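Enquirer: To be precise about what I am sending: the file is called structure32.cif and holds mmCIF, C-alpha atoms (C1' of nucleotides).
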data_start
loop_
_atom_site.label_atom_id
_atom_site.label_comp_id
_atom_site.auth_asym_id
_atom_site.auth_seq_id
_atom_site.Cartn_x
_atom_site.Cartn_y
_atom_site.Cartn_z
CA MET A 188 -55.72 -44.76 -1.42
CA LEU A 189 -53.65 -41.82 -2.56
CA ARG A 190 -55.11 -39.45 -0.05
CA LEU A 191 -54.05 -35.84 0.23
CA SER A 192 -53.27 -34.55 3.72
CA THR A 193 -55.46 -31.89 5.24
CA LYS A 194 -52.60 -29.46 4.97
CA GLY A 195 -52.79 -29.55 1.22
CA GLN A 196 -56.56 -29.43 1.17
CA TYR A 197 -56.78 -26.49 3.55
CA GLY A 198 -54.03 -24.76 1.64
CA VAL A 199 -55.95 -24.91 -1.61
CA ARG A 200 -59.16 -23.82 0.06
CA ALA A 201 -57.39 -20.92 1.74
CA MET A 202 -55.86 -19.80 -1.53
CA PHE A 203 -59.25 -20.03 -3.13
CA GLU A 204 -60.71 -17.90 -0.37
CA ILE A 205 -58.02 -15.27 -0.90
CA ALA A 206 -58.57 -15.39 -4.66
CA LYS A 207 -62.24 -14.70 -4.13
CA GLY A 208 -61.46 -11.48 -2.29
CA ASP A 209 -60.77 -8.09 -3.76
CA PRO A 210 -57.21 -8.08 -5.18
CA GLU A 211 -56.63 -4.73 -3.47
CA LYS A 212 -58.06 -5.58 -0.09
CA PRO A 213 -56.22 -8.23 1.91
CA THR A 214 -58.17 -11.14 3.31
CA ASN A 215 -57.41 -11.67 6.96
CA ILE A 216 -56.64 -14.99 8.48
CA ARG A 217 -59.63 -15.04 10.80
CA GLN A 218 -62.06 -14.76 7.93
CA ILE A 219 -60.43 -17.65 6.13
CA ALA A 220 -60.37 -19.77 9.26
CA GLU A 221 -64.03 -19.12 9.88
CA ARG A 222 -65.23 -19.75 6.36
CA GLN A 223 -63.19 -22.89 5.96
CA ASP A 224 -63.65 -24.10 9.51
CA VAL A 225 -59.97 -24.49 10.33
CA SER A 226 -58.14 -23.22 13.40
CA VAL A 227 -56.28 -19.96 13.06
CA ALA A 228 -53.09 -21.47 14.46
CA TYR A 229 -53.01 -24.26 11.94
CA LEU A 230 -53.81 -21.91 9.10
CA GLU A 231 -50.94 -19.68 10.13
CA GLN A 232 -48.52 -22.50 9.52
CA ILE A 233 -49.97 -23.18 6.14
CA LEU A 234 -50.10 -19.59 4.97
CA ASN A 235 -46.58 -19.07 6.23
CA THR A 236 -45.33 -21.82 3.97
CA LEU A 237 -47.18 -20.37 1.04
CA ARG A 238 -45.88 -16.91 1.73
CA ARG A 239 -42.28 -18.10 1.89
CA ALA A 240 -42.88 -19.84 -1.41
CA GLY A 241 -43.89 -16.51 -2.88
CA LEU A 242 -47.47 -17.43 -3.71
CA ILE A 243 -49.03 -14.89 -1.39
CA GLN A 244 -48.00 -11.69 0.35
CA SER A 245 -48.88 -10.62 3.84
CA ILE A 246 -49.81 -7.13 4.85
CA LYS A 247 -49.45 -6.20 8.48
CA GLY A 248 -51.32 -3.88 10.72
CA PRO A 249 -55.02 -3.26 11.17
CA GLY A 250 -56.90 -4.00 8.00
CA GLY A 251 -54.06 -6.25 6.92
CA GLY A 252 -54.17 -9.83 5.74
CA TYR A 253 -53.11 -11.81 2.70
CA ILE A 254 -53.23 -11.16 -1.03
CA LEU A 255 -52.13 -13.26 -3.98
CA SER A 256 -48.70 -12.53 -5.44
CA LYS A 257 -49.94 -13.33 -8.93
CA THR A 258 -53.31 -13.36 -10.63
CA PRO A 259 -55.53 -16.41 -10.06
CA SER A 260 -54.90 -17.62 -13.61
CA GLU A 261 -51.19 -17.77 -12.90
CA ILE A 262 -51.43 -19.93 -9.81
CA ALA A 263 -51.86 -23.64 -10.48
CA ILE A 264 -53.18 -26.02 -7.85
CA GLY A 265 -50.04 -28.09 -8.37
CA GLU A 266 -47.86 -25.22 -7.17
CA ILE A 267 -49.82 -24.86 -3.97
CA LEU A 268 -49.70 -28.55 -3.21
CA LYS A 269 -46.04 -28.86 -4.05
CA GLU A 270 -45.14 -26.30 -1.42
CA LEU A 271 -47.26 -27.91 1.26
CA GLU A 272 -46.73 -31.58 0.51
CA GLY A 273 -43.69 -31.85 -1.68
CA PRO A 274 -43.64 -33.22 -5.21
CA VAL A 275 -45.91 -36.01 -6.35
CA ALA A 276 -44.08 -39.21 -5.42
CA ILE A 277 -46.31 -42.25 -5.62
CA THR A 278 -43.53 -44.36 -4.19
CA SER A 279 -40.57 -43.41 -2.03
CA CYS A 280 -38.20 -44.49 -4.78
CA LEU A 281 -39.60 -41.68 -6.93
CA ASP A 282 -38.95 -39.07 -4.30
CA PRO A 283 -36.05 -36.91 -5.47
CA GLU A 284 -34.72 -36.92 -1.92
CA GLU A 285 -34.56 -40.66 -1.59
CA GLY A 286 -33.81 -42.25 -4.92
CA CYS A 287 -33.98 -45.84 -6.07
CA SER A 288 -31.43 -48.49 -6.76
CA ARG A 289 -33.31 -50.58 -9.27
CA VAL A 290 -34.55 -47.89 -11.62
CA GLU A 291 -33.14 -49.56 -14.68
CA THR A 292 -34.85 -52.88 -14.31
CA CYS A 293 -37.99 -52.17 -12.35
CA VAL A 294 -41.17 -52.20 -14.39
CA THR A 295 -43.47 -50.98 -11.66
CA HIS A 296 -41.17 -48.03 -11.23
CA LEU A 297 -42.13 -46.94 -14.73
CA LEU A 298 -45.78 -47.38 -13.91
CA TRP A 299 -45.63 -45.16 -10.85
CA ARG A 300 -43.62 -42.56 -12.63
CA SER A 301 -46.06 -42.48 -15.48
CA LEU A 302 -48.98 -42.09 -13.10
CA GLY A 303 -47.17 -39.39 -11.17
CA GLU A 304 -46.54 -37.43 -14.34
CA LYS A 305 -50.20 -37.63 -15.29
CA ILE A 306 -51.27 -36.32 -11.91
CA GLN A 307 -48.70 -33.58 -12.01
CA ASP A 308 -49.85 -32.50 -15.47
CA PHE A 309 -53.41 -32.35 -14.32
CA LEU A 310 -52.68 -30.32 -11.22
CA ASN A 311 -50.46 -27.92 -13.11
CA THR A 312 -53.23 -27.30 -15.62
CA ILE A 313 -55.94 -26.30 -13.18
CA THR A 314 -55.58 -22.81 -11.73
CA LEU A 315 -57.34 -20.78 -9.08
CA GLU A 316 -59.14 -18.98 -11.87
CA ASP A 317 -60.65 -22.27 -13.00
CA LEU A 318 -61.99 -22.77 -9.51
CA LEU A 319 -63.47 -19.30 -9.49
CA ASN A 320 -65.18 -19.99 -12.81
CA GLU A 321 -66.44 -23.30 -11.59
CA GLU A 322 -68.01 -21.69 -8.59
CA ALA A 323 -69.72 -19.12 -10.74
CA LEU A 324 -71.17 -21.85 -12.92
CA LEU A 325 -72.16 -23.86 -9.88
CA LYS A 326 -74.18 -21.03 -8.46
CA GLU A 327 -75.96 -20.57 -11.76
CA ALA A 328 -76.69 -24.11 -12.65
CA GLY A 329 -77.06 -25.77 -9.31
CA THR A 330 -75.77 -29.01 -10.75
CA THR A 331 -72.40 -30.59 -10.24
CA ARG A 332 -72.39 -33.46 -12.63
CA THR A 333 -71.56 -32.01 -16.00
CA ILE A 334 -69.20 -29.36 -14.81
CA SER A 335 -66.43 -31.56 -13.54
CA LEU A 336 -66.21 -33.13 -16.98
CA THR A 337 -65.01 -29.92 -18.52
CA TRP A 338 -61.62 -30.63 -17.01
CA GLY A 339 -59.51 -32.85 -19.16
CA THR A 340 -60.73 -35.26 -21.77
CA THR A 341 -61.74 -38.34 -19.89
CA GLY A 342 -62.08 -40.74 -22.77
CA MET B 29 -47.65 -36.16 -1.80
CA LEU B 30 -50.17 -38.77 -2.83
CA ARG B 31 -47.98 -41.65 -1.81
CA LEU B 32 -49.04 -45.25 -2.13
CA SER B 33 -48.50 -47.48 0.89
CA THR B 34 -46.04 -50.34 0.67
CA LYS B 35 -48.93 -52.75 0.86
CA GLY B 36 -50.20 -51.62 -2.52
CA GLN B 37 -46.74 -51.55 -4.02
CA TYR B 38 -45.80 -54.99 -2.78
CA GLY B 39 -49.15 -56.30 -3.91
CA VAL B 40 -48.63 -55.17 -7.47
CA ARG B 41 -45.09 -56.51 -7.50
CA ALA B 42 -46.26 -59.83 -6.11
CA MET B 43 -49.01 -60.11 -8.71
CA PHE B 44 -46.47 -59.30 -11.38
CA GLU B 45 -44.20 -62.01 -10.06
CA ILE B 46 -47.03 -64.53 -10.21
CA ALA B 47 -47.96 -63.38 -13.70
CA LYS B 48 -44.41 -64.01 -14.84
CA GLY B 49 -44.63 -67.63 -13.78
CA ASP B 50 -46.05 -70.56 -15.72
CA PRO B 51 -49.86 -70.35 -15.59
CA GLU B 52 -49.96 -74.05 -14.72
CA LYS B 53 -47.29 -74.06 -12.05
CA PRO B 54 -48.05 -72.14 -8.88
CA THR B 55 -45.51 -69.64 -7.62
CA ASN B 56 -44.81 -70.14 -3.95
CA ILE B 57 -44.72 -67.38 -1.44
CA ARG B 58 -41.09 -67.81 -0.53
CA GLN B 59 -39.97 -67.20 -4.07
CA ILE B 60 -41.97 -64.01 -4.27
CA ALA B 61 -40.71 -62.82 -0.93
CA GLU B 62 -37.14 -63.43 -1.95
CA ARG B 63 -37.34 -61.81 -5.37
CA GLN B 64 -39.17 -58.77 -4.10
CA ASP B 65 -37.31 -58.54 -0.81
CA VAL B 66 -40.36 -58.58 1.43
CA SER B 67 -40.96 -60.71 4.52
CA VAL B 68 -42.99 -63.87 4.04
CA ALA B 69 -45.34 -62.96 6.89
CA TYR B 70 -46.18 -59.57 5.46
CA LEU B 71 -46.65 -61.01 2.02
CA GLU B 72 -49.04 -63.59 3.42
CA GLN B 73 -51.35 -60.84 4.58
CA ILE B 74 -51.26 -59.20 1.21
CA LEU B 75 -51.81 -62.35 -0.82
CA ASN B 76 -54.61 -63.35 1.51
CA THR B 77 -56.46 -60.17 0.74
CA LEU B 78 -55.97 -60.67 -2.96
CA ARG B 79 -57.12 -64.27 -2.75
CA ARG B 80 -60.30 -63.34 -0.91
CA ALA B 81 -60.92 -60.75 -3.59
CA GLY B 82 -60.75 -63.51 -6.16
CA LEU B 83 -57.73 -62.21 -8.03
CA ILE B 84 -55.55 -65.21 -7.26
CA GLN B 85 -56.03 -68.81 -6.20
CA SER B 86 -53.95 -70.71 -3.71
CA ILE B 87 -52.90 -74.29 -4.09
CA LYS B 88 -51.91 -76.13 -0.96
CA GLY B 89 -49.48 -78.89 -0.25
CA PRO B 90 -45.95 -79.49 -1.49
CA GLY B 91 -45.41 -77.86 -4.86
CA GLY B 92 -48.26 -75.51 -4.12
CA GLY B 93 -48.39 -71.73 -4.27
CA TYR B 94 -50.39 -69.05 -6.01
CA ILE B 95 -51.75 -68.67 -9.54
CA LEU B 96 -53.78 -65.93 -11.18
CA SER B 97 -57.54 -66.41 -11.35
CA LYS B 98 -57.68 -64.65 -14.71
CA THR B 99 -55.21 -63.99 -17.50
CA PRO B 100 -52.78 -61.09 -17.03
CA SER B 101 -54.65 -59.02 -19.60
CA GLU B 102 -57.79 -59.26 -17.51
CA ILE B 103 -56.24 -57.99 -14.30
CA ALA B 104 -55.89 -54.22 -14.06
CA ILE B 105 -53.52 -52.56 -11.61
CA GLY B 106 -56.48 -50.60 -10.31
CA GLU B 107 -58.20 -53.79 -9.19
CA ILE B 108 -55.19 -54.89 -7.21
CA LEU B 109 -54.80 -51.55 -5.51
CA LYS B 110 -58.47 -51.21 -4.75
CA GLU B 111 -58.45 -54.42 -2.77
CA LEU B 112 -55.36 -53.50 -0.80
CA GLU B 113 -55.93 -49.80 -0.25
CA GLY B 114 -59.56 -49.11 -0.92
CA PRO B 115 -60.89 -46.87 -3.66
CA VAL B 116 -59.08 -43.76 -4.78
CA ALA B 117 -60.23 -41.04 -2.39
CA ILE B 118 -58.07 -37.94 -2.59
CA THR B 119 -59.98 -36.46 0.31
CA SER B 120 -61.93 -38.10 3.09
CA CYS B 121 -65.13 -36.49 1.86
CA LEU B 122 -64.81 -38.51 -1.34
CA ASP B 123 -64.54 -41.77 0.53
CA PRO B 124 -67.79 -43.69 0.03
CA GLU B 125 -67.63 -44.71 3.68
CA GLU B 126 -67.42 -41.19 5.03
CA GLY B 127 -69.33 -38.82 2.83
CA CYS B 128 -69.43 -35.06 2.70
CA SER B 129 -71.91 -32.47 3.81
CA ARG B 130 -71.02 -29.70 1.43
CA VAL B 131 -70.93 -31.59 -1.85
CA GLU B 132 -73.29 -29.27 -3.59
CA THR B 133 -71.43 -26.07 -3.01
CA CYS B 134 -67.81 -27.09 -2.67
CA VAL B 135 -65.66 -26.34 -5.67
CA THR B 136 -62.55 -28.09 -4.47
CA HIS B 137 -64.66 -31.19 -4.01
CA LEU B 138 -65.18 -31.23 -7.77
CA LEU B 139 -61.49 -30.80 -8.32
CA TRP B 140 -60.56 -33.78 -6.16
CA ARG B 141 -63.24 -35.91 -7.66
CA SER B 142 -62.10 -35.08 -11.15
CA LEU B 143 -58.51 -35.93 -10.27
CA GLY B 144 -59.59 -39.15 -8.61
CA GLU B 145 -61.48 -40.22 -11.70
CA LYS B 146 -58.48 -39.55 -13.87
CA ILE B 147 -56.26 -41.67 -11.65
CA GLN B 148 -58.81 -44.43 -11.51
CA ASP B 149 -59.16 -44.45 -15.29
CA PHE B 150 -55.44 -44.72 -15.70
CA LEU B 151 -55.03 -47.55 -13.23
CA ASN B 152 -57.93 -49.46 -14.69
CA THR B 153 -56.39 -49.24 -18.14
CA ILE B 154 -53.01 -50.72 -17.31
CA THR B 155 -52.99 -54.49 -16.82
CA LEU B 156 -50.47 -57.05 -15.70
CA GLU B 157 -49.98 -57.95 -19.34
CA ASP B 158 -48.84 -54.40 -20.03
CA LEU B 159 -46.24 -54.79 -17.33
CA LEU B 160 -45.06 -58.07 -18.83
CA ASN B 161 -44.73 -56.42 -22.22
CA GLU B 162 -42.88 -53.49 -20.73
CA GLU B 163 -40.37 -55.76 -19.13
CA ALA B 164 -39.78 -57.58 -22.38
CA LEU B 165 -39.12 -54.26 -24.11
CA LEU B 166 -36.94 -53.12 -21.27
CA LYS B 167 -34.68 -56.12 -21.56
CA GLU B 168 -34.32 -55.56 -25.28
CA ALA B 169 -33.80 -51.87 -25.39
CA GLY B 170 -32.05 -51.15 -22.13
CA THR B 171 -33.63 -47.73 -22.04
CA THR B 172 -36.43 -46.51 -19.82
CA ARG B 173 -37.20 -43.10 -21.14
CA THR B 174 -39.38 -43.62 -24.17
CA ILE B 175 -41.24 -46.61 -22.93
CA SER B 176 -43.22 -44.97 -20.18
CA LEU B 177 -44.63 -42.56 -22.71
CA THR B 178 -46.50 -45.28 -24.49
CA TRP B 179 -48.99 -45.25 -21.66
CA GLY B 180 -51.66 -42.66 -22.15
CA THR B 181 -51.46 -39.58 -24.28
CA THR B 182 -49.63 -37.04 -22.22
CA GLY B 183 -50.41 -33.95 -24.23
"C1'" DA C 260 -50.25 -92.66 9.39
"C1'" DA C 261 -46.78 -89.22 9.73
"C1'" DA C 262 -43.97 -85.70 8.21
"C1'" DA C 263 -43.19 -82.03 5.30
"C1'" DT C 264 -44.78 -78.32 2.77
"C1'" DA C 265 -47.61 -74.46 2.19
"C1'" DC C 266 -51.29 -71.55 2.95
"C1'" DT C 267 -54.54 -69.02 6.81
"C1'" DT C 268 -55.84 -66.09 10.45
"C1'" DT C 269 -55.65 -63.08 14.23
"C1'" DA C 270 -53.13 -60.13 17.48
"C1'" DG C 271 -50.01 -57.06 18.68
"C1'" DT C 272 -46.33 -53.45 18.42
"C1'" DG C 273 -42.77 -49.91 17.43
"C1'" DA C 274 -41.96 -46.17 14.27
"C1'" DT C 275 -43.58 -42.60 11.63
"C1'" DT C 276 -46.68 -39.21 10.00
"C1'" DT C 277 -50.51 -36.38 10.56
"C1'" DT C 278 -52.96 -32.90 12.60
"C1'" DG C 279 -53.10 -30.05 15.09
"C1'" DT C 280 -52.26 -26.75 19.83
"C1'" DC C 281 -49.55 -23.47 22.61
"C1'" DA C 282 -46.74 -19.79 23.74
"C1'" DA C 283 -44.02 -16.10 22.87
"C1'" DG C 284 -42.78 -13.27 19.91
"C1'" DT C 285 -42.32 -9.14 15.84
"C1'" DA C 286 -44.29 -5.62 12.81
"C1'" DT C 287 -47.61 -2.01 11.55
"C1'" DT C 288 -51.04 1.44 11.93
"C1'" DA C 289 -55.22 3.99 13.89
"C1'" DT D 133 -49.57 3.23 22.61
"C1'" DA D 134 -52.96 0.05 22.20
"C1'" DA D 135 -54.92 -2.89 19.03
"C1'" DT D 136 -54.54 -5.70 15.21
"C1'" DA D 137 -52.21 -8.96 12.53
"C1'" DC D 138 -48.64 -11.72 11.09
"C1'" DT D 139 -44.32 -14.97 12.56
"C1'" DT D 140 -41.88 -18.64 14.56
"C1'" DG D 141 -40.70 -22.75 16.91
"C1'" DA D 142 -41.67 -26.31 20.15
"C1'" DC D 143 -44.48 -29.84 21.39
"C1'" DA D 144 -48.05 -33.60 21.76
"C1'" DA D 145 -52.16 -36.51 21.00
"C1'" DA D 146 -54.04 -39.48 17.55
"C1'" DA D 147 -53.93 -42.13 13.58
"C1'" DT D 148 -51.73 -44.86 10.31
"C1'" DC D 149 -48.08 -47.72 8.56
"C1'" DA D 150 -45.22 -51.53 8.22
"C1'" DC D 151 -44.39 -54.95 9.79
"C1'" DT D 152 -43.57 -59.44 13.42
"C1'" DA D 153 -45.27 -63.38 15.98
"C1'" DA D 154 -47.68 -67.28 16.88
"C1'" DA D 155 -50.82 -70.68 16.37
"C1'" DG D 156 -53.40 -72.69 13.35
"C1'" DT D 157 -55.58 -75.51 8.88
"C1'" DA D 158 -55.15 -78.08 4.61
"C1'" DT D 159 -52.79 -81.10 1.31
"C1'" DT D 160 -49.66 -84.33 -0.47
"C1'" DT D 161 -45.67 -87.33 -0.50
"C1'" DT D 162 -43.44 -91.25 1.67
#
Show how you would write the structure in this file as structure tokens.
Expert:
Amino acid sequence: MLRLSTKGQYGVRAMFEIAKGDPEKPTNIRQIAERQDVSVAYLEQILNTLRRAGLIQSIKGPGGGYILSKTPSEIAIGEILKELEGPVAITSCLDPEEGCSRVETCVTHLLWRSLGEKIQDFLNTITLEDLLNEEALLKEAGTTRTISLTWGTTG
Amino acid sequence: MLRLSTKGQYGVRAMFEIAKGDPEKPTNIRQIAERQDVSVAYLEQILNTLRRAGLIQSIKGPGGGYILSKTPSEIAIGEILKELEGPVAITSCLDPEEGCSRVETCVTHLLWRSLGEKIQDFLNTITLEDLLNEEALLKEAGTTRTISLTWGTTG
DNA sequence: AAAATACTTTAGTGATTTTGTCAAGTATTA
DNA sequence: TAATACTTGACAAAATCACTAAAGTATTTT
């Protein structure tokens, strides 16, 4: 349940790949496609969306590619996903575009909204820089278990 | 993004409807269908799944219907959803049935797992009793805003 | 016993969404 | 001016969703 589409997943991975590159040297789309094992054509769609959203910039011509518009610490995972998949909306009645008639009386509505807010908070807290740091730690330690716990205070 | 299917939503609403009834008197499927505006046939599928999972019991014959197998405080929303939609699996590589080849080295994998755990924790904390209490408060106060904040400590 | 009520199970189906591919561009620079 | 790289829009196969339909089985009241 609550699965993310591949578009969102690839988008985050692509942004991560760009973040890993030299801020001065653009990362080209073929490199990303290769490293993340996604087709160039599909990636073009995704990067296009992200570019229009202002998260990345494209540089044309030989040696061109994509660079981040902001530093990794300023780009939250939530921003990336929002552009590619729209806002978190556990149910259709929470989608700003659709709306709900029984907001006032519906208890489950409150539940879904509360969950949605929690997810949103989480995703807006984690940035590309966090991912970069995680990877650095991962390479050092070679263990995955303890690291994921550094995010948030799972009681 | 991260939308729940109607099956899960209807399931929770149906369980809530049963929880609202007298623990001794079964709630019949037609009543639930009417109150929640879902077709009887579709609801049958859903309740069947929940019955096989042991969350509810069915009582046949005239005057029959469904009752909870446990008290509302013992039934978490997460349990209901798990039966109807499977475990939280933000990405396919986190699905126990599918698996992932690059677990060790993939940073985003950690991110999705961490998010999934947070969602799971939340859903396992909220029970049907909480929903019953919420509704009671809702009827009193007539306001929705403050109530949802009582769930979890949104920093 | 028979009829009414109510749950049970399995198939099937149209609509929608997802996950891409394809083709034909436009822009920039070596 | 050729090569590289990004840009855009249309389209389509596959999967999933959200049901409907139909034929049962079980229980109780009369």
Enquirer: Find the nearest atom pair between each residue of chain A and chain D for residues within 6 Å, count all atoms listed in the file, give distances in Å to one decimal, sort rows by chain and ascending number, and present the table as CSV.
Expert:
residue,atom,partner,partner_atom,distance
A:Lys247,CA,D:DA137,C1',5.6
A:Gly248,CA,D:DA137,C1',5.5
A:Pro249,CA,D:DT136,C1',4.7
Enquirer: Quick one: apply the PyMOL selection byres ((chain B and resi 38) around 8) to the file and drop the selected residues here as a list in words.
Expert: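 Selection result, ordered by chain and number: Thr34, Lys35, Gly36, Gln37, Gly39, Val40, Arg41, Ala42, Gln64, Val66, Leu71 and Ile74 of chain B.
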Enquirer: Which residues are close to C:DG279, i.e. within 9 Å by only C-alpha atoms (C1' of nucleotides), leaving aside same-chain residues fewer than 4 positions away? Reply as an mmCIF file with C-alpha atoms (C1' of nucleotides), in the frame of the given file.
Expert:
data_model
loop_
_atom_site.group_PDB
_atom_site.id
_atom_site.type_symbol
_atom_site.label_atom_id
_atom_site.label_comp_id
_atom_site.auth_asym_id
_atom_site.auth_seq_id
_atom_site.Cartn_x
_atom_site.Cartn_y
_atom_site.Cartn_z
ATOM 1 C CA SER A 226 -58.140 -23.220 13.400
ATOM 2 C CA ALA A 228 -53.090 -21.470 14.460
ATOM 3 C CA TYR A 229 -53.010 -24.260 11.940
ATOM 4 C "C1'" DA D 145 -52.160 -36.510 21.000
#
Enquirer: Selected by the PyMOL selection byres ((chain C) within 8 of (chain A)) in the shown coordinates: which residues, as a ChimeraX atom specification?
Expert: /C:277-280,286-289
Enquirer: How big is the axis-aligned box around all listed atoms of stretch 213-222 of chain A once 8 Å goes on each side, and where's its centre, in Å to one decimal, as JSON?
Expert:
{"center_x": -60.7, "center_y": -14.0, "center_z": 6.4, "size_x": 25.0, "size_y": 27.5, "size_z": 24.9}
Enquirer: Evaluating the PyMOL selection byres ((chain B) within 7 of (chain A)) on the displayed file yields which residues, as a VMD selection string?
Expert: chain B and resid 29 to 32 113 to 119 132 135 138 142 146 159 162 to 163 172 176 182
Enquirer: Separation of atom CA of B:Lys53 and atom C1' of C:DA261, in Å?
Expert: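 About the pair atom CA of B:Lys53 and atom C1' of C:DA261: they are 26.5 Å apart.
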Enquirer: One number please: atom CA of A:Glu266 to atom CA of A:Glu316, in Å, one decimal.
Expert: 13.7 Å
Enquirer: When distances are computed from only C-alpha atoms (C1' of nucleotides), which of B:Leu75, B:Ile84, B:Ile108, B:Leu156 shows the smallest separation from C:DT267?
Expert: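 The closest residue to C:DT267 is B:Leu75.
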Enquirer: Which distance in Å separates atom CA of A:Glu231 and atom CA of A:Glu211, to one decimal?
Expert: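 Atom-to-atom, atom CA of A:Glu231 to atom CA of A:Glu211, that is 21.0 Å.
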